[in-house]
Structure formats: C-alpha cells, structure tokens
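The next block is data39.txt, given as compact mmCIF, C-alpha atoms.
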```
# COMPACT_ATOMS: atom_id res chain seq x y z
CA MET K 1 20.59 18.66 1.50
CA GLY K 2 19.05 15.98 3.76
CA LYS K 3 17.12 12.98 2.61
CA LYS K 4 13.38 13.60 2.26
CA ILE K 5 11.10 11.70 4.61
CA VAL K 6 8.41 9.71 2.80
CA GLU K 7 4.91 10.83 3.75
CA GLY K 8 1.49 9.25 3.79
CA PHE K 9 -1.48 10.89 2.12
CA LYS K 10 -3.34 13.15 4.55
CA ASN K 11 -5.73 14.57 1.97
CA ILE K 12 -8.34 12.21 0.49
CA ASN K 13 -8.74 14.32 -2.67
CA ASP K 14 -5.01 14.15 -3.40
CA MET K 15 -5.07 10.40 -2.85
CA GLU K 16 -8.03 9.95 -5.22
CA ILE K 17 -6.26 11.98 -7.93
CA PHE K 18 -3.15 9.86 -7.39
CA GLU K 19 -5.15 6.64 -7.61
CA ARG K 20 -6.92 7.64 -10.84
CA GLY K 21 -3.58 8.56 -12.41
CA LEU K 22 -1.96 5.35 -11.19
CA PHE K 23 -4.78 3.19 -12.58
CA THR K 24 -4.46 4.84 -15.99
CA TYR K 25 -0.67 4.54 -15.94
CA ASN K 26 -0.44 0.91 -14.78
CA PRO K 27 -3.43 -1.07 -13.46
CA MET K 28 -1.22 -3.75 -11.88
CA ILE K 29 0.64 -1.16 -9.78
CA PHE K 30 -2.73 0.39 -8.88
CA TYR K 31 -3.95 -2.98 -7.52
CA LEU K 32 -0.67 -3.41 -5.68
CA TRP K 33 -1.25 0.04 -4.11
CA LYS K 34 -4.81 -0.89 -3.09
CA VAL K 35 -3.64 -4.10 -1.40
CA GLY K 36 -0.74 -2.33 0.34
CA VAL K 37 -2.68 0.70 1.53
CA ASN K 38 -5.68 -1.33 2.77
CA LEU K 39 -3.63 -3.96 4.60
CA ALA K 40 -0.89 -1.53 5.80
CA LEU K 41 1.81 -3.70 4.24
CA ARG K 42 5.40 -2.98 3.29
CA VAL K 43 5.98 -3.08 -0.47
CA SER K 44 8.27 -6.11 -0.07
CA ASP K 45 5.41 -8.08 1.48
CA VAL K 46 2.97 -7.09 -1.28
CA LEU K 47 5.46 -7.94 -4.02
CA ASN K 48 6.05 -11.33 -2.41
CA ILE K 49 2.38 -12.40 -2.74
CA LYS K 50 2.02 -15.37 -5.04
CA ILE K 51 -1.00 -16.24 -7.20
CA ASP K 52 -2.01 -19.24 -5.08
CA GLU K 53 -1.72 -17.16 -1.87
CA ALA K 54 -3.94 -14.39 -3.27
CA THR K 55 -6.50 -17.04 -4.23
CA GLU K 56 -6.34 -18.47 -0.72
CA TYR K 57 -6.75 -15.02 0.85
CA LEU K 58 -9.90 -14.52 -1.20
CA GLU K 59 -11.25 -17.94 -0.19
CA THR K 60 -10.62 -17.40 3.53
CA GLY K 61 -11.29 -13.64 3.55
CA GLU K 62 -8.01 -13.14 5.46
CA TYR K 63 -4.44 -12.11 4.73
CA LYS K 64 -2.07 -14.35 6.66
CA SER K 65 1.69 -14.25 6.13
CA LYS K 66 5.00 -13.59 7.86
CA ASP K 67 6.45 -10.12 7.38
CA ILE K 68 9.68 -10.28 5.42
CA LYS K 69 11.36 -7.54 7.49
CA THR K 70 10.32 -8.60 10.99
CA GLY K 71 9.42 -12.28 10.63
CA LYS K 72 6.26 -11.57 12.65
CA LEU K 73 2.94 -13.14 11.69
CA ASN K 74 0.69 -10.64 9.96
CA HIS K 75 -2.94 -11.66 10.06
CA VAL K 76 -5.87 -9.41 9.16
CA LYS K 77 -9.30 -9.67 7.53
CA LEU K 78 -9.69 -8.41 3.98
CA ASN K 79 -11.99 -5.46 3.37
CA LYS K 80 -14.06 -4.97 0.21
CA ASN K 81 -11.45 -2.87 -1.63
CA THR K 82 -8.69 -5.40 -0.92
CA LYS K 83 -10.81 -8.29 -2.19
CA GLU K 84 -11.63 -6.36 -5.35
CA ALA K 85 -7.94 -5.51 -5.91
CA PHE K 86 -6.96 -9.18 -5.55
CA VAL K 87 -9.69 -10.32 -7.95
CA LYS K 88 -8.77 -7.75 -10.59
CA ALA K 89 -5.01 -8.37 -10.25
CA LEU K 90 -5.63 -12.12 -10.60
CA ASN K 91 -7.71 -11.48 -13.74
CA LEU K 92 -4.98 -9.29 -15.22
CA ARG K 93 -2.42 -11.93 -14.34
CA LYS K 94 -4.46 -14.76 -15.93
CA ALA K 95 -4.76 -12.78 -19.17
CA LYS K 96 -1.00 -13.17 -19.63
CA THR K 97 -0.53 -16.78 -20.72
CA ASN K 98 3.21 -16.58 -21.37
CA LEU K 99 4.10 -16.51 -17.66
CA GLU K 100 3.36 -20.07 -16.60
CA ASN K 101 6.64 -20.32 -14.66
CA ASN K 102 6.12 -17.09 -12.72
CA GLU K 103 4.22 -17.69 -9.47
CA PHE K 104 4.07 -14.02 -8.36
CA LEU K 105 0.87 -12.00 -8.57
CA PHE K 106 2.36 -8.54 -9.05
CA VAL K 107 4.52 -8.67 -12.16
CA GLY K 108 5.39 -6.00 -14.71
CA LEU K 109 3.01 -5.41 -17.60
CA GLY K 110 5.69 -4.51 -20.17
CA ASN K 111 6.84 -7.04 -22.76
CA ARG K 112 10.32 -7.43 -21.21
CA SER K 113 8.88 -7.92 -17.71
CA TRP K 114 6.93 -10.98 -18.69
CA SER K 115 10.00 -13.04 -19.54
CA TYR K 116 11.39 -13.66 -16.07
CA GLU K 117 10.24 -15.48 -12.98
CA LYS K 118 10.22 -12.74 -10.34
CA SER K 119 7.82 -10.12 -9.09
CA MET K 120 7.86 -6.50 -10.17
CA THR K 121 10.64 -4.60 -8.41
CA ARG K 122 10.36 -2.12 -5.57
CA GLN K 123 12.14 0.44 -7.78
CA THR K 124 9.47 0.05 -10.49
CA VAL K 125 6.73 0.74 -7.94
CA ASP K 126 8.60 3.70 -6.46
CA ARG K 127 9.20 5.23 -9.92
CA ALA K 128 5.51 4.83 -10.82
CA PHE K 129 4.38 6.51 -7.58
CA LYS K 130 6.77 9.43 -8.11
CA TYR K 131 5.82 9.77 -11.79
CA ILE K 132 2.10 10.08 -11.00
CA VAL K 133 2.68 12.59 -8.19
CA ASP K 134 4.79 14.70 -10.57
CA MET K 135 2.29 14.41 -13.43
CA GLU K 136 -0.64 15.35 -11.19
CA ASN K 137 1.35 18.05 -9.35
CA ILE K 138 0.51 16.57 -5.93
CA LYS K 139 2.58 18.00 -3.08
CA ILE K 140 3.77 14.92 -1.19
CA ASP K 141 7.13 13.24 -0.65
CA ILE K 142 6.00 9.86 -1.91
CA GLY K 143 7.68 6.48 -1.78
CA THR K 144 6.74 2.87 -1.26
CA HIS K 145 6.26 3.46 2.50
CA THR K 146 3.43 5.85 1.58
CA MET K 147 1.07 2.85 1.57
CA ARG K 148 1.64 2.02 5.25
CA LYS K 149 1.92 5.64 6.33
CA THR K 150 -1.36 6.53 4.59
CA TRP K 151 -3.16 3.66 6.29
CA GLY K 152 -1.69 4.63 9.66
CA TYR K 153 -2.58 8.30 9.36
CA MET K 154 -6.11 7.67 8.12
CA ALA K 155 -6.74 4.98 10.74
CA TYR K 156 -5.54 7.35 13.46
CA LYS K 157 -7.67 10.23 12.14
CA LYS K 158 -10.72 7.96 12.14
CA THR K 159 -10.22 6.31 15.54
CA LYS K 160 -7.85 8.63 17.48
CA ASN K 161 -6.56 5.34 18.91
CA ILE K 162 -2.77 5.34 18.51
CA GLU K 163 -2.41 1.97 20.28
CA LEU K 164 -4.66 0.30 17.70
CA VAL K 165 -2.66 1.81 14.83
CA MET K 166 0.60 0.91 16.59
CA LYS K 167 -0.51 -2.72 16.91
CA ARG K 168 -1.45 -2.99 13.22
CA LEU K 169 1.87 -1.46 12.12
CA ASN K 170 3.79 -3.74 14.53
CA HIS K 171 5.53 -0.80 16.22
CA SER K 172 6.94 -0.99 19.74
CA SER K 173 5.76 2.40 21.03
CA PRO K 174 3.06 5.03 20.40
CA GLY K 175 5.79 7.65 19.88
CA THR K 176 7.29 5.61 17.03
CA THR K 177 3.87 5.33 15.40
CA MET K 178 3.08 9.04 15.82
CA ALA K 179 6.37 9.98 14.15
CA TYR K 180 5.97 7.33 11.43
CA ILE K 181 2.50 8.46 10.34
CA GLY K 182 3.40 12.14 10.58
CA ILE K 183 1.19 13.32 13.44
CA THR K 184 2.36 16.87 14.07
CA ASN K 185 1.64 19.60 16.59
CA LYS K 186 -0.66 21.10 13.97
CA ASP K 187 -2.76 17.89 14.03
CA ILE K 188 -2.91 18.02 17.83
CA ASP K 189 -3.90 21.71 17.77
CA LEU K 190 -6.66 20.90 15.28
CA LEU K 191 -7.95 18.08 17.50
CA VAL K 192 -8.05 20.37 20.54
CA GLU K 193 -9.85 23.02 18.50
CA GLU K 194 -12.38 20.50 17.14
CA LEU K 195 -13.13 19.04 20.58
CA ASN K 196 -13.85 22.48 22.07
CA ILE K 197 -15.32 20.92 25.25
```

Structure rendered as structure tokens:
Amino acid sequence: MGKKIVEGFKNINDMEIFERGLFTYNPMIFYLWKVGVNLALRVSDVLNIKIDEATEYLETGEYKSKDIKTGKLNHVKLNKNTKEAFVKALNLRKAKTNLENNEFLFVGLGNRSWSYEKSMTRQTVDRAFKYIVDMENIKIDIGTHTMRKTWGYMAYKKTKNIELVMKRLNHSSPGTTMAYIGITNKDIDLLVEELNI
C-alpha cells in the first residue's frame, strides 16, 4: 500500500470542526496551527519561532525570517488571526514560569515538556492533528503540511491566481503548486461550470 499524500482542508466546515477540537485538546498547538495556516509556513519554521521574534513580529506587523528548508527570505504582513494567535501563545507561554531557559514560543504543555530547552516536536504536532481528525471523524489525510496546503488551496479558490499562490509558497512552477494544493480536474470542471459565460 502506497504512502498517503497529505491534503489541505478544502471544506471550511471541516476545518472549523478541526480547529475547535484542536483548541480543546491543546491550545498551544491550536495557536501553532493558526500561525502556520495563515502565513503558509512549514511546521519546522513555525516551531523555530522564538519568544522575542514573535514579540518583534507583533511590533512590526510582519513575519520576517529565513525558511529552514530553502534558506530563502520569507517576508509577509500579519493578518488579524495571526496577530491574535501570537498574542495568545505568548500569554500561554508567559504563564509558565519554570521555562526561563527555553527561548521557543511553541513548547509542549505537559509537565515533562516544560523541563527541556527545545520547541515542541513535529511528531507531537502531527499526532495531535491526526488525533483530532480521528476523534471528529473528518475525512482528510492530514499531516503537518496541511497548514501550507490549506492556505494554498483557499488562496487559489479565492483569487484563481496560481502565480500569486506559487510565489507565496516559493514554488518554481504553477504545475508544482497545482499538484501541491490538490487542484484536480473536478475543481477545473466546477470552475468552468460556475463561469458559464
């Protein structure tokens, strides 16, 4: 059996159910999701955000960092939901006074997690995403790339501008972006039907 391809959310209702479940399960992972999905970031880049960087992003109103995977500069304005996620994650983080040596914003909330000086792990995030999808019986092959793929799909559906989405995701071709965000022949058929010129 082949490896499943991680999908982005294509249905807003499913995403809202997922988000409510995720917030109840683990608020810190929920805020991580909100930052990742709104800024179209890889999970490694979200997990790498430090407290002082998040504070700076809020002050400037911009996310500005180098992508871990590509080394390219990633610079984008924060929207309202991203600002709110940063503020709430910072507040959660400040409530934990026993982590003075840990500079990362997104850390585990469990008692064992608070004792070391790293961020939460990618595996922790992935397990949480899968757990919520299973609990809520949402039909999606979810993974940490779901954040970027959801942003890409929803941005494309809103704008129908694949070049714009391609630029934000730092892809080299529209075909790569179309495949990445899961644009199918069914989506194209629907677009043709909706246009009905």

Report as a Markdown table: every residue of region 42-84 of chain K with an atom at most 12 Å from region 157-170 of chain K, its closest pair of atoms, and their distance in Å to one decimal, counting all atoms listed in the file, with rows sorted by chain and ascending residue number.
```
| residue | atom | partner | partner_atom | distance |
| --- | --- | --- | --- | --- |
| K:Arg42 | CA | K:Leu169 | CA | 9.6 |
| K:Lys66 | CA | K:Asn170 | CA | 12.0 |
| K:Asp67 | CA | K:Asn170 | CA | 9.9 |
| K:Lys69 | CA | K:Asn170 | CA | 11.0 |
| K:Thr70 | CA | K:Asn170 | CA | 8.9 |
| K:Gly71 | CA | K:Asn170 | CA | 10.9 |
| K:Lys72 | CA | K:Asn170 | CA | 8.4 |
| K:Leu73 | CA | K:Asn170 | CA | 9.9 |
| K:Asn74 | CA | K:Arg168 | CA | 8.6 |
| K:His75 | CA | K:Arg168 | CA | 9.3 |
| K:Val76 | CA | K:Arg168 | CA | 8.8 |
| K:Lys77 | CA | K:Arg168 | CA | 11.8 |
```

Residue nearest Glu84 (chain K) among K:Ala54, K:Ile5, K:Val107, K:Met120 (counting only C-alpha atoms): K:Ala54

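Closest approach to Glu103 (chain K) among K:Ile140, K:Leu47, K:Ile132, K:Leu78 is made by K:Leu47 (distances from all atoms listed in the file).
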
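Counting from CA of Pro174 (chain K), the distance to CA of Ile12 (chain K) is 24.0 Å.
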
Between CA of Asp52 (chain K) and CA of Thr150 (chain K) - distance in Å to one decimal: 27.5 Å

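Near Asp187 (chain K), within a cut-off of 12 Å and counting only C-alpha atoms, sit the residues Lys10, Tyr153, Tyr156, Lys157, Lys160, Met178, Ile181, Gly182, Ile183, Thr184, Asn185, Asp189, Leu190, Leu191, Val192, Glu193 and Glu194 of chain K, with same-chain residues fewer than 2 positions away left out.
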
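If you measure from each of K:Arg148, K:Lys83, K:Arg122, K:Lys4 to Tyr57 (chain K) using only C-alpha atoms, the closest one turns out to be K:Lys83.
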
Which of K:Tyr25, K:Tyr180, K:Tyr31, K:Phe18 sits closest to Ala85 (chain K) [using all atoms listed in the file]: K:Tyr31

Within 12 Å of Val133 (chain K) using all atoms listed in the file, minus same-chain residues under 3 positions, as JSON, numbers by chain: {"K": [9, 14, 15, 16, 17, 18, 19, 20, 21, 22, 25, 126, 127, 128, 129, 130, 136, 137, 138, 139, 140, 141, 142, 143, 146]}

Contacts of Thr121 (chain K) at 12 Å (only C-alpha atoms; same-chain gap of 6+ positions) as a short mmCIF file (atom, residue, chain, number, x, y, z; two decimals) with C-alpha atoms, keeping the file's coordinate frame:
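Below is the file part_36.cif, written as the result:
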```cif
data_model
loop_
_atom_site.label_atom_id
_atom_site.label_comp_id
_atom_site.auth_asym_id
_atom_site.auth_seq_id
_atom_site.Cartn_x
_atom_site.Cartn_y
_atom_site.Cartn_z
CA ILE K 29 0.64 -1.16 -9.78
CA LEU K 32 -0.67 -3.41 -5.68
CA VAL K 43 5.98 -3.08 -0.47
CA SER K 44 8.27 -6.11 -0.07
CA ASP K 45 5.41 -8.08 1.48
CA VAL K 46 2.97 -7.09 -1.28
CA LEU K 47 5.46 -7.94 -4.02
CA ASN K 48 6.05 -11.33 -2.41
CA PHE K 104 4.07 -14.02 -8.36
CA PHE K 106 2.36 -8.54 -9.05
CA VAL K 107 4.52 -8.67 -12.16
CA GLY K 108 5.39 -6.00 -14.71
CA LEU K 109 3.01 -5.41 -17.60
CA SER K 113 8.88 -7.92 -17.71
CA ARG K 127 9.20 5.23 -9.92
CA ALA K 128 5.51 4.83 -10.82
CA THR K 144 6.74 2.87 -1.26
#
```

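One finds CA of Lys149 (chain K) at 22.8 Å from CA of Ser119 (chain K).
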
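Ranking K:Met28, K:Val6, K:Ala40, K:Ala95 by their shortest atom-to-atom distance to Thr124 (chain K), with all atoms listed in the file included, puts K:Met28 first.
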
Using all atoms listed in the file, what residues lie at most 8 Å away from (-2.4, -14.4, 2.4) (file coordinates), given as a short mmCIF file (atom, residue, chain, number, x, y, z; two decimals) with C-alpha atoms, in the frame of the given file?
```
data_model
loop_
_atom_site.label_atom_id
_atom_site.label_comp_id
_atom_site.auth_asym_id
_atom_site.auth_seq_id
_atom_site.Cartn_x
_atom_site.Cartn_y
_atom_site.Cartn_z
CA ILE K 49 2.38 -12.40 -2.74
CA GLU K 53 -1.72 -17.16 -1.87
CA ALA K 54 -3.94 -14.39 -3.27
CA GLU K 56 -6.34 -18.47 -0.72
CA TYR K 57 -6.75 -15.02 0.85
CA GLU K 62 -8.01 -13.14 5.46
CA TYR K 63 -4.44 -12.11 4.73
CA LYS K 64 -2.07 -14.35 6.66
CA SER K 65 1.69 -14.25 6.13
#
```
